[in-house]
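The next block holds one structure in the form of C-alpha cells; read it before the comments.
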Amino acid sequence: MAIRILVVDEAAFVRDSLKKALRSFLPDVDVFDAANGSRALPILRGNKIDLTLSDWDLPEMSGQELLQWTRDSEEYKKMPFIVVSGTGDRELVMKAIESGANDFMAKPFSPDELQKKVVKQLAKIGYRPKVKNNGASSSLEALQAGVRKPQMMKPRTIKSGAEALMTKKAAKPASSSADILTGGSRSKKGFNGSALLTIGQVRCKCAVHDISLTAAQLITERPPKLFQLFENGKIEIADDKTHIIATLNVYVHMMQASEPRPDASKMQLVVRYINNPPEAMEALSKHIAKNR
C-alpha cells in the first residue's frame, strides 16, 4: 500500500518542489497538497494521511492551527508532522515543537535534508522505504544508531582541511579554550579558523567548514553523548592564530554522520546563533569580511 503524504504551503512552486523531491526517493507514495490549513482538512478527513509537511505561516488557517487540529484528532494525534518555514528563528522552532511538531525544516532546504527528515519520521510509524541510498536510510539515522553493535572495519580517512583537527591528541582535555582552539583550517568559503562548541557538559573541538552571520557548519569527532536537536549551548570562534573572535550563544539546528555507517567516527553539525550582543556579531562580521 502506498504511503500518503500531505504537503501544505501557500506557494504552488514550493508544493511542486516538495512533491517532486518526495517522489524522487520514495518508490511508492501518494502526495496530496493544499494551499492552507482550511483546504488541508478535507484531505485529512477523506484520506488516511501518514505524514504531513506544512508551512507555519498560512492564510485562513495557519500551520499551528492545523497542527493543533491533528493533535486533537484521535486519528491523527500521533501522525508525524514536519513544519517547513522560511524562518529559522529559534523561538518559532521551539513553539512548533512545543505545539506537537515532530521536526522542523527551514527554507531553502536541500533534497538530502528533506529525505533524511521524512525517512526518519516514516520509520517511527514502521514504514521503511527502500530509498536510493547506499547504506543507512539516512545519515542522521546512522549517527543515532549507537545502540547497535558497530561493524569491525577499518575507518576511512576523511580528506579535508579538518584532518589536522581530528587527531587522537585533540580528544585529550586542554587547560583552556585557547589550548583547544588550535590547528585552524580554512573553510571552502575562505574562513580561516576553528571553533570550540560547548553543549551541556560536552565540549568539542571543531573545524569550521562554513560560516555566516546566522549559522556555522562544523566538523568534529562524534562525542560520547549525542547532542539533541534545538539543544542550547555556546561556540567560541577563533582565527588561525587561536585568537578568539567571538563567543556566541547557539542551538543545534542540524546534525548528521560524516558517513552512512553506525560506527561513523565524525559528524557534521549546523548551529544557529541566538540572542547575541551586537558587539559579538560585529566582530564576527568584520572577520568574515576580511577573509572573504
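Identifiers for the C-alpha cells are assigned positionally: chains receive A, B, ... in sequence, residues are indexed from 1 per chain, and ligands are indexed from 1 in the order shown.
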Write out as a PyMOL selection string all residues of segment 39-133 of chain A that DSSP puts in strand (DSSP E or B) for this structure's backbone. chain A and resi 51-55+81-85+103-106
Can you tell me, as a PyMOL selection string, what residues are no more than 6 Å from segment 60-69 of chain A when counting only C-alpha atoms, ignoring any on the same chain fewer than 5 positions away? chain A and resi 37-38+55
Based on the selection just made, write C-alpha atoms of those residues as a short mmCIF file (atom, residue, chain, number, x, y, z; two decimals), in the first residue's frame.
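Ended up saving to selection.cif:
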data_model
loop_
_atom_site.label_atom_id
_atom_site.label_comp_id
_atom_site.auth_asym_id
_atom_site.auth_seq_id
_atom_site.Cartn_x
_atom_site.Cartn_y
_atom_site.Cartn_z
CA GLY A 37 -4.92 24.60 6.59
CA SER A 38 -8.58 25.03 5.64
CA ASP A 55 4.33 25.73 6.36
#
Please, which residues of segment 207-284 of chain A, numbered as in this document, come out alpha helix (DSSP H) from DSSP, as a ChimeraX atom specification? /A:278-284
Please produce an output containing C-alpha atoms for each residue in the selection, written as an mmCIF file, in the first residue's frame.
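Saved to result-v3.cif:
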data_model
loop_
_atom_site.group_PDB
_atom_site.id
_atom_site.type_symbol
_atom_site.label_atom_id
_atom_site.label_comp_id
_atom_site.auth_asym_id
_atom_site.auth_seq_id
_atom_site.Cartn_x
_atom_site.Cartn_y
_atom_site.Cartn_z
ATOM 1 C CA PRO A 278 25.718 43.360 18.773
ATOM 2 C CA GLU A 279 29.428 43.690 19.538
ATOM 3 C CA ALA A 280 29.960 39.927 19.232
ATOM 4 C CA MET A 281 28.161 39.804 15.885
ATOM 5 C CA GLU A 282 30.073 42.852 14.678
ATOM 6 C CA ALA A 283 33.402 41.192 15.495
ATOM 7 C CA LEU A 284 32.389 38.079 13.577
#
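Using only C-alpha atoms, the protein and nucleic acid residues lying no more than 6 Å from Asn36 of chain A, apart from those fewer than 6 places from it along its own chain, are Val8, Glu10 and Leu58 of chain A.
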Looking at A:Asp33, A:Ala12, A:Val119, A:Met105, which one is nearest to Trp56 of chain A, with distances taken over only C-alpha atoms?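 The shortest atom-to-atom distance to Trp56 of chain A comes from A:Met105.
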Test item: residues at most 6 Å from Ala238 of chain A, only C-alpha atoms, excluding those fewer than 2 positions along its chain, as a ChimeraX atom specification: /A:193-195,242-245
What does the file look like for those residues with C-alpha atoms, as a compact mmCIF listing (two decimals), in the first residue's frame?
# COMPACT_ATOMS: atom_id res chain seq x y z
CA GLY A 193 39.99 29.39 11.90
CA SER A 194 38.46 26.84 14.24
CA ALA A 195 35.87 26.61 16.98
CA THR A 242 43.84 30.85 18.10
CA HIS A 243 42.71 34.39 18.98
CA ILE A 244 39.05 34.22 19.93
CA ILE A 245 36.98 36.33 17.54
Closest to His287 of chain A among A:Ile49, A:Ala123, A:Ala246, A:Val202, using only C-alpha atoms?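 Answer, going by the shortest atom-to-atom distance: A:Ala246.
Atom to atom, atom CA of Val118 of chain A and atom CA of Pro224 of chain A stand 26.3 Å apart.
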For Val7 of chain A: contacts at 10 Å, only C-alpha atoms, fewer than 3 positions along chain excluded, given as a list in words: Val14, Arg15, Asp16, Leu18, Lys19, Val31, Phe32, Asp33, Ala34, Ala35, Asn36, Ala40, Leu51, Thr52, Leu53, Ser54, Asp55, Ile82 and Val84 of chain A
Within 6 Å of Tyr273 of chain A, counting only C-alpha atoms, which residues show up once you throw out same-chain ones fewer than 4 positions away? Write them as a short mmCIF file (atom, residue, chain, number, x, y, z; two decimals) with C-alpha atoms, in the first residue's frame, please.
data_model
loop_
_atom_site.label_atom_id
_atom_site.label_comp_id
_atom_site.auth_asym_id
_atom_site.auth_seq_id
_atom_site.Cartn_x
_atom_site.Cartn_y
_atom_site.Cartn_z
CA THR A 214 23.42 33.37 11.02
CA ALA A 215 24.99 29.93 11.35
CA ASN A 249 25.02 31.57 22.01
CA VAL A 250 23.81 28.85 19.65
#
Could you check which of A:Asp239, A:Glu91, A:Glu221, A:Glu98 is closest to Arg203 of chain A, using only C-alpha atoms? A:Glu221
One-decimal distance in Å that lies between atom CA of Ile43 of chain A and atom CA of Ile3 of chain A: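 So the two atoms, atom CA of Ile3 of chain A and atom CA of Ile43 of chain A, lie 14.4 Å apart.
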